[in-house]
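Single-structure report; data block below.
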Amino acid sequence: MFSYIRNNFVFRSQGGFTLPELLVAMGLFLIVVTIATGAFVQSLRIQRSAVELIAVNDNANIILEQMAREIRTGTGFGSSNSNELRFLNYKDETVVYRRGETGVVERSVDGSVYEPLTASNVDVRRLAFTVSGAGGADKLQPRITVSLGISGKSPALRDVLTDVQTTISPRLIDG
């Protein structure tokens with residue numbers, strides 16, 4: 001630091017920023033903050049989509065497990081088409097699983113009203129049943145293959161389709 005005297009006043013030079021330097025520093029700071037904020041907002045969107053996708057997949061697994069439990073104790077498997085499965089459960093009630101018109105998995109017992117099984121955030125795009133070995137004369141263990149295509153109902157997950165397939169063998173041999 002240096003000082004000089006002019007008209008009996010002592011002036012000292014002090015270090016600092018000039019106005020252009022301050023404007024450049026503030027501009028750079030705003031650019032960095034804008035980029036960081038954009039990245040944070042994008043990561044929040046991705047995190048929400050991931051949480052919803054996990055919830056959709058969990059719901060699909062729950063539905064498949066519920067169907068598998070009932071199918072394992074069932075008999076008399078058949079269907080009028082591949083989108084529907086009809087059989088007798090352990091209480092000798094006629095159970096029907098199908099894909100409903102609104103994109104949900106539905107279940108009916110003894111001709112009652114179809115009740116939805118999937119959650120409201122799940123869009124079931126495909127549900128197919130393949131029954132093999134269900135004839136009583138062949139003495140083969142029946143096998144029911146369930147194919148499920150699901151996605152979320154939010155705009156972020158409309159184009160994401162998860163395919164799940166499982167094969168279930170009932171405990172009893174038909175016949």
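Numbering starts fresh at 1 for the residues of each chain in the structure tokens, the chains themselves are lettered A, B, ... in the order given, and ligands are numbered from 1 as they appear.
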What parts of chain A does DSSP call strand (DSSP E or B)? I'd like the answer as JSON, numbers by chain.
{"A": [3, 4, 5, 6, 9, 10, 11, 12, 75, 76, 77, 78, 84, 85, 86, 87, 88, 94, 95, 96, 97, 98, 99, 105, 106, 107, 108, 109, 115, 116, 122, 123, 124, 125, 126, 127, 128, 129, 130, 131, 132, 143, 144, 145, 146, 147, 148, 149, 150, 151, 152, 162, 163, 164, 165, 166, 167, 168]}
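For the set A:Asn57, A:Gln165, A:Asn89, A:Asn83, the residue with the smallest atom-to-atom gap to A:Glu70 is A:Asn89, counting only C-alpha atoms.
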Min atom-atom distance to A:Gly152 from the set A:Leu85, A:Ile54, A:Val113, A:Val33, counting only C-alpha atoms, belongs to A:Ile54
Just list as an MDAnalysis selection string whatever in stretch 53-95 of chain A DSSP marks as alpha helix (DSSP H).
chainID A and resid 53:72
How would the residues just chosen look if you wrote them out with all heavy atoms as a compact mmCIF listing (two decimals), in the first residue's frame?
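The resulting file, result-v9.txt, is reproduced below:
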# COMPACT_ATOMS: atom_id res chain seq x y z
N LEU A 53 -41.29 -46.15 -11.52
CA LEU A 53 -41.03 -47.40 -12.22
C LEU A 53 -40.86 -48.55 -11.24
O LEU A 53 -41.35 -49.66 -11.48
CB LEU A 53 -39.79 -47.26 -13.11
CG LEU A 53 -39.45 -48.44 -13.99
CD1 LEU A 53 -40.58 -48.75 -14.96
CD2 LEU A 53 -38.17 -48.16 -14.76
N ILE A 54 -40.19 -48.30 -10.13
CA ILE A 54 -40.04 -49.33 -9.10
C ILE A 54 -41.40 -49.71 -8.53
O ILE A 54 -41.69 -50.89 -8.32
CB ILE A 54 -39.08 -48.84 -7.99
CG1 ILE A 54 -37.65 -48.80 -8.52
CG2 ILE A 54 -39.16 -49.74 -6.76
CD1 ILE A 54 -36.68 -48.08 -7.61
N ALA A 55 -42.27 -48.73 -8.30
CA ALA A 55 -43.61 -49.01 -7.77
C ALA A 55 -44.43 -49.83 -8.76
O ALA A 55 -45.15 -50.76 -8.37
CB ALA A 55 -44.33 -47.71 -7.44
N VAL A 56 -44.34 -49.50 -10.05
CA VAL A 56 -45.06 -50.25 -11.09
C VAL A 56 -44.57 -51.70 -11.13
O VAL A 56 -45.36 -52.64 -11.16
CB VAL A 56 -44.91 -49.56 -12.46
CG1 VAL A 56 -45.36 -50.47 -13.59
CG2 VAL A 56 -45.68 -48.25 -12.48
N ASN A 57 -43.25 -51.89 -11.11
CA ASN A 57 -42.70 -53.25 -11.15
C ASN A 57 -43.04 -54.03 -9.88
O ASN A 57 -43.33 -55.23 -9.95
CB ASN A 57 -41.20 -53.20 -11.36
CG ASN A 57 -40.83 -52.78 -12.76
OD1 ASN A 57 -41.60 -52.94 -13.70
ND2 ASN A 57 -39.65 -52.23 -12.92
N ASP A 58 -43.02 -53.38 -8.74
CA ASP A 58 -43.42 -54.05 -7.49
C ASP A 58 -44.87 -54.50 -7.55
O ASP A 58 -45.21 -55.60 -7.12
CB ASP A 58 -43.21 -53.14 -6.29
CG ASP A 58 -41.75 -53.00 -5.89
OD1 ASP A 58 -40.92 -53.80 -6.39
OD2 ASP A 58 -41.44 -52.10 -5.09
N ASN A 59 -45.74 -53.64 -8.10
CA ASN A 59 -47.14 -54.01 -8.21
C ASN A 59 -47.33 -55.20 -9.15
O ASN A 59 -48.11 -56.11 -8.87
CB ASN A 59 -47.98 -52.82 -8.67
CG ASN A 59 -49.45 -53.08 -8.60
OD1 ASN A 59 -50.09 -53.32 -9.61
ND2 ASN A 59 -50.00 -53.06 -7.40
N ALA A 60 -46.58 -55.22 -10.23
CA ALA A 60 -46.66 -56.36 -11.17
C ALA A 60 -46.21 -57.64 -10.49
O ALA A 60 -46.84 -58.70 -10.65
CB ALA A 60 -45.81 -56.08 -12.40
N ASN A 61 -45.15 -57.57 -9.70
CA ASN A 61 -44.68 -58.76 -8.99
C ASN A 61 -45.70 -59.24 -7.97
O ASN A 61 -45.89 -60.45 -7.80
CB ASN A 61 -43.34 -58.47 -8.31
CG ASN A 61 -42.21 -58.37 -9.30
OD1 ASN A 61 -42.26 -58.95 -10.37
ND2 ASN A 61 -41.19 -57.62 -8.93
N ILE A 62 -46.36 -58.33 -7.29
CA ILE A 62 -47.39 -58.70 -6.32
C ILE A 62 -48.55 -59.40 -7.02
O ILE A 62 -49.06 -60.42 -6.54
CB ILE A 62 -47.87 -57.46 -5.54
CG1 ILE A 62 -46.76 -57.00 -4.58
CG2 ILE A 62 -49.15 -57.76 -4.77
CD1 ILE A 62 -47.03 -55.64 -3.96
N ILE A 63 -48.99 -58.86 -8.14
CA ILE A 63 -50.11 -59.46 -8.89
C ILE A 63 -49.73 -60.85 -9.38
O ILE A 63 -50.52 -61.79 -9.26
CB ILE A 63 -50.51 -58.55 -10.07
CG1 ILE A 63 -51.04 -57.22 -9.54
CG2 ILE A 63 -51.54 -59.24 -10.96
CD1 ILE A 63 -52.15 -57.33 -8.54
N LEU A 64 -48.53 -60.99 -9.92
CA LEU A 64 -48.11 -62.32 -10.40
C LEU A 64 -48.01 -63.32 -9.25
O LEU A 64 -48.40 -64.48 -9.40
CB LEU A 64 -46.76 -62.22 -11.13
CG LEU A 64 -46.81 -61.61 -12.52
CD1 LEU A 64 -45.41 -61.44 -13.08
CD2 LEU A 64 -47.66 -62.46 -13.45
N GLU A 65 -47.53 -62.88 -8.11
CA GLU A 65 -47.44 -63.78 -6.96
C GLU A 65 -48.83 -64.18 -6.46
O GLU A 65 -49.06 -65.34 -6.11
CB GLU A 65 -46.64 -63.12 -5.83
CG GLU A 65 -46.43 -64.01 -4.63
CD GLU A 65 -45.68 -65.29 -4.94
OE1 GLU A 65 -44.84 -65.31 -5.85
OE2 GLU A 65 -45.95 -66.31 -4.25
N GLN A 66 -49.76 -63.23 -6.45
CA GLN A 66 -51.14 -63.54 -6.03
C GLN A 66 -51.78 -64.56 -6.98
O GLN A 66 -52.40 -65.52 -6.54
CB GLN A 66 -51.97 -62.26 -5.99
CG GLN A 66 -53.40 -62.49 -5.56
CD GLN A 66 -54.21 -61.19 -5.56
OE1 GLN A 66 -53.66 -60.10 -5.63
NE2 GLN A 66 -55.51 -61.32 -5.48
N MET A 67 -51.60 -64.35 -8.28
CA MET A 67 -52.14 -65.30 -9.25
C MET A 67 -51.47 -66.66 -9.10
O MET A 67 -52.13 -67.70 -9.15
CB MET A 67 -51.96 -64.78 -10.67
CG MET A 67 -52.92 -63.68 -11.05
SD MET A 67 -52.97 -63.34 -12.82
CE MET A 67 -51.42 -62.53 -13.09
N ALA A 68 -50.15 -66.67 -8.91
CA ALA A 68 -49.41 -67.93 -8.81
C ALA A 68 -49.88 -68.74 -7.61
O ALA A 68 -50.04 -69.97 -7.70
CB ALA A 68 -47.91 -67.65 -8.71
N ARG A 69 -50.11 -68.09 -6.48
CA ARG A 69 -50.58 -68.82 -5.29
C ARG A 69 -51.91 -69.51 -5.55
O ARG A 69 -52.12 -70.65 -5.15
CB ARG A 69 -50.75 -67.86 -4.12
CG ARG A 69 -49.48 -67.64 -3.38
CD ARG A 69 -49.74 -66.92 -2.07
NE ARG A 69 -48.68 -65.97 -1.87
CZ ARG A 69 -48.82 -64.74 -1.43
NH1 ARG A 69 -50.01 -64.29 -1.11
NH2 ARG A 69 -47.79 -63.95 -1.29
N GLU A 70 -52.81 -68.79 -6.21
CA GLU A 70 -54.13 -69.36 -6.47
C GLU A 70 -54.07 -70.43 -7.55
O GLU A 70 -54.77 -71.45 -7.48
CB GLU A 70 -55.12 -68.25 -6.85
CG GLU A 70 -56.55 -68.69 -6.78
CD GLU A 70 -57.52 -67.53 -6.79
OE1 GLU A 70 -57.21 -66.47 -7.35
OE2 GLU A 70 -58.62 -67.70 -6.23
N ILE A 71 -53.23 -70.23 -8.55
CA ILE A 71 -53.11 -71.22 -9.62
C ILE A 71 -52.49 -72.51 -9.10
O ILE A 71 -52.89 -73.60 -9.50
CB ILE A 71 -52.29 -70.62 -10.79
CG1 ILE A 71 -53.11 -69.54 -11.49
CG2 ILE A 71 -51.86 -71.70 -11.77
CD1 ILE A 71 -52.33 -68.73 -12.51
N ARG A 72 -51.52 -72.43 -8.20
CA ARG A 72 -50.87 -73.63 -7.66
C ARG A 72 -51.86 -74.58 -6.99
O ARG A 72 -51.63 -75.78 -6.96
CB ARG A 72 -49.78 -73.24 -6.66
CG ARG A 72 -48.50 -72.85 -7.31
CD ARG A 72 -47.39 -72.68 -6.29
NE ARG A 72 -46.43 -71.75 -6.83
CZ ARG A 72 -46.23 -70.51 -6.40
NH1 ARG A 72 -46.93 -70.05 -5.39
NH2 ARG A 72 -45.35 -69.75 -6.96
Point-to-point distance in Å for atom CA of A:Glu115 and atom CA of A:Gly100
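Atom CA of A:Glu115 lies at a distance of 9.4 Å from atom CA of A:Gly100.
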One decimal, in Å: what's the spacing between atom CA of A:Thr145 and atom CA of A:Thr166?
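Value for the atom CA of A:Thr145-atom CA of A:Thr166 distance: 5.7 Å.
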If you count only C-alpha atoms, which residues fall within 7 Å of stretch 169-172 of chain A, apart from same-chain ones fewer than 6 positions away, as a PyMOL selection string?
chain A and resi 71-74+141-144
Suppose we keep all heavy atoms; can you now write the selection as an mmCIF file, in the first residue's frame?
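Result written to out.cif:
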data_model
loop_
_atom_site.group_PDB
_atom_site.id
_atom_site.type_symbol
_atom_site.label_atom_id
_atom_site.label_comp_id
_atom_site.auth_asym_id
_atom_site.auth_seq_id
_atom_site.Cartn_x
_atom_site.Cartn_y
_atom_site.Cartn_z
ATOM 1 N N ILE A 71 -53.233 -70.233 -8.546
ATOM 2 C CA ILE A 71 -53.109 -71.219 -9.623
ATOM 3 C C ILE A 71 -52.486 -72.515 -9.104
ATOM 4 O O ILE A 71 -52.892 -73.603 -9.504
ATOM 5 C CB ILE A 71 -52.287 -70.624 -10.794
ATOM 6 C CG1 ILE A 71 -53.110 -69.541 -11.495
ATOM 7 C CG2 ILE A 71 -51.856 -71.698 -11.772
ATOM 8 C CD1 ILE A 71 -52.332 -68.734 -12.510
ATOM 9 N N ARG A 72 -51.524 -72.426 -8.197
ATOM 10 C CA ARG A 72 -50.873 -73.634 -7.659
ATOM 11 C C ARG A 72 -51.857 -74.579 -6.985
ATOM 12 O O ARG A 72 -51.625 -75.783 -6.959
ATOM 13 C CB ARG A 72 -49.783 -73.240 -6.664
ATOM 14 C CG ARG A 72 -48.501 -72.850 -7.307
ATOM 15 C CD ARG A 72 -47.389 -72.681 -6.294
ATOM 16 N NE ARG A 72 -46.430 -71.750 -6.827
ATOM 17 C CZ ARG A 72 -46.230 -70.510 -6.401
ATOM 18 N NH1 ARG A 72 -46.928 -70.048 -5.391
ATOM 19 N NH2 ARG A 72 -45.348 -69.746 -6.958
ATOM 20 N N THR A 73 -52.917 -74.042 -6.425
ATOM 21 C CA THR A 73 -53.901 -74.892 -5.749
ATOM 22 C C THR A 73 -55.134 -75.132 -6.597
ATOM 23 O O THR A 73 -56.115 -75.700 -6.113
ATOM 24 C CB THR A 73 -54.323 -74.255 -4.405
ATOM 25 O OG1 THR A 73 -54.891 -72.971 -4.655
ATOM 26 C CG2 THR A 73 -53.141 -74.132 -3.465
ATOM 27 N N GLY A 74 -55.105 -74.710 -7.862
ATOM 28 C CA GLY A 74 -56.273 -74.842 -8.723
ATOM 29 C C GLY A 74 -56.267 -76.100 -9.573
ATOM 30 O O GLY A 74 -55.280 -76.831 -9.646
ATOM 31 N N GLN A 141 -48.305 -82.865 -15.893
ATOM 32 C CA GLN A 141 -48.493 -81.747 -14.971
ATOM 33 C C GLN A 141 -48.872 -80.502 -15.787
ATOM 34 O O GLN A 141 -48.160 -80.137 -16.709
ATOM 35 C CB GLN A 141 -47.197 -81.506 -14.194
ATOM 36 C CG GLN A 141 -47.287 -80.447 -13.156
ATOM 37 C CD GLN A 141 -48.071 -80.910 -11.934
ATOM 38 O OE1 GLN A 141 -48.497 -82.049 -11.852
ATOM 39 N NE2 GLN A 141 -48.253 -80.018 -11.001
ATOM 40 N N PRO A 142 -49.985 -79.858 -15.465
ATOM 41 C CA PRO A 142 -50.341 -78.627 -16.192
ATOM 42 C C PRO A 142 -49.311 -77.530 -15.935
ATOM 43 O O PRO A 142 -48.713 -77.455 -14.869
ATOM 44 C CB PRO A 142 -51.695 -78.237 -15.606
ATOM 45 C CG PRO A 142 -52.196 -79.438 -14.898
ATOM 46 C CD PRO A 142 -51.004 -80.225 -14.492
ATOM 47 N N ARG A 143 -49.113 -76.695 -16.944
ATOM 48 C CA ARG A 143 -48.246 -75.530 -16.810
ATOM 49 C C ARG A 143 -48.985 -74.327 -17.383
ATOM 50 O O ARG A 143 -49.511 -74.384 -18.493
ATOM 51 C CB ARG A 143 -46.939 -75.730 -17.548
ATOM 52 C CG ARG A 143 -46.002 -76.678 -16.866
ATOM 53 C CD ARG A 143 -44.627 -76.651 -17.498
ATOM 54 N NE ARG A 143 -44.672 -76.687 -18.951
ATOM 55 C CZ ARG A 143 -44.483 -77.779 -19.684
ATOM 56 N NH1 ARG A 143 -44.229 -78.923 -19.106
ATOM 57 N NH2 ARG A 143 -44.520 -77.719 -20.996
ATOM 58 N N ILE A 144 -49.002 -73.259 -16.619
ATOM 59 C CA ILE A 144 -49.636 -72.027 -17.055
ATOM 60 C C ILE A 144 -48.547 -70.965 -17.130
ATOM 61 O O ILE A 144 -47.904 -70.650 -16.128
ATOM 62 C CB ILE A 144 -50.755 -71.578 -16.088
ATOM 63 C CG1 ILE A 144 -51.893 -72.592 -16.055
ATOM 64 C CG2 ILE A 144 -51.304 -70.233 -16.500
ATOM 65 C CD1 ILE A 144 -51.711 -73.684 -15.096
#
Skip A:Val96 itself and residues of its chain fewer than 3 positions away, then list as a ChimeraX atom specification all residues within 8 Å of it, counting only C-alpha atoms.
/A:84-87,107-109
Save the residues we just selected, N, CA and C atoms, as a PDB file, in the first residue's frame?
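Ended up saving to again_10.pdb:
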ATOM      1  N   GLU A  84     -57.389 -64.612 -21.227  1.00  0.00           N
ATOM      2  CA  GLU A  84     -58.215 -64.946 -20.065  1.00  0.00           C
ATOM      3  C   GLU A  84     -57.834 -66.331 -19.554  1.00  0.00           C
ATOM      4  N   LEU A  85     -57.842 -66.491 -18.241  1.00  0.00           N
ATOM      5  CA  LEU A  85     -57.584 -67.796 -17.635  1.00  0.00           C
ATOM      6  C   LEU A  85     -58.741 -68.131 -16.711  1.00  0.00           C
ATOM      7  N   ARG A  86     -59.300 -69.331 -16.900  1.00  0.00           N
ATOM      8  CA  ARG A  86     -60.439 -69.801 -16.101  1.00  0.00           C
ATOM      9  C   ARG A  86     -60.068 -71.130 -15.463  1.00  0.00           C
ATOM     10  N   PHE A  87     -60.321 -71.262 -14.156  1.00  0.00           N
ATOM     11  CA  PHE A  87     -60.020 -72.509 -13.450  1.00  0.00           C
ATOM     12  C   PHE A  87     -60.812 -72.556 -12.151  1.00  0.00           C
ATOM     13  N   ARG A 107     -60.057 -59.804 -11.684  1.00  0.00           N
ATOM     14  CA  ARG A 107     -60.347 -61.145 -11.165  1.00  0.00           C
ATOM     15  C   ARG A 107     -61.826 -61.237 -10.834  1.00  0.00           C
ATOM     16  N   SER A 108     -62.410 -62.366 -11.211  1.00  0.00           N
ATOM     17  CA  SER A 108     -63.808 -62.627 -10.892  1.00  0.00           C
ATOM     18  C   SER A 108     -63.906 -64.021 -10.276  1.00  0.00           C
ATOM     19  N   VAL A 109     -64.791 -64.154  -9.276  1.00  0.00           N
ATOM     20  CA  VAL A 109     -65.014 -65.438  -8.620  1.00  0.00           C
ATOM     21  C   VAL A 109     -66.480 -65.808  -8.798  1.00  0.00           C
TER      22      VAL A 109
END
Go through A:Ser132, A:Leu88, A:Thr75, A:Lys153 one by one, measure the shortest atom-to-atom distance of each to A:Val104 using only C-alpha atoms, and give the residue with the smallest value.
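For A:Val104, the nearest of the candidates is A:Lys153.
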Which of these, A:Gly78, A:Gly103, A:Gly111, A:Gly27, has the shortest distance to A:Val131 once you count only C-alpha atoms?
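With only C-alpha atoms as the atom set, the closest residue is A:Gly78.
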Which is closer to A:Phe129 than all the others in A:Phe77, A:Tyr90, A:Tyr114, A:Phe40, using only C-alpha atoms?
A:Phe77
Find the residues around A:Glu101 up to 12 Å (only C-alpha atoms counted), leave out those fewer than 2 positions away in its own chain, and share them as a list in words.
Asn83, Arg98, Arg99, Gly103, Val104, Val105, Glu106, Tyr114, Pro116, Asp123, Val124, Arg125, Arg126 and Leu127 of chain A
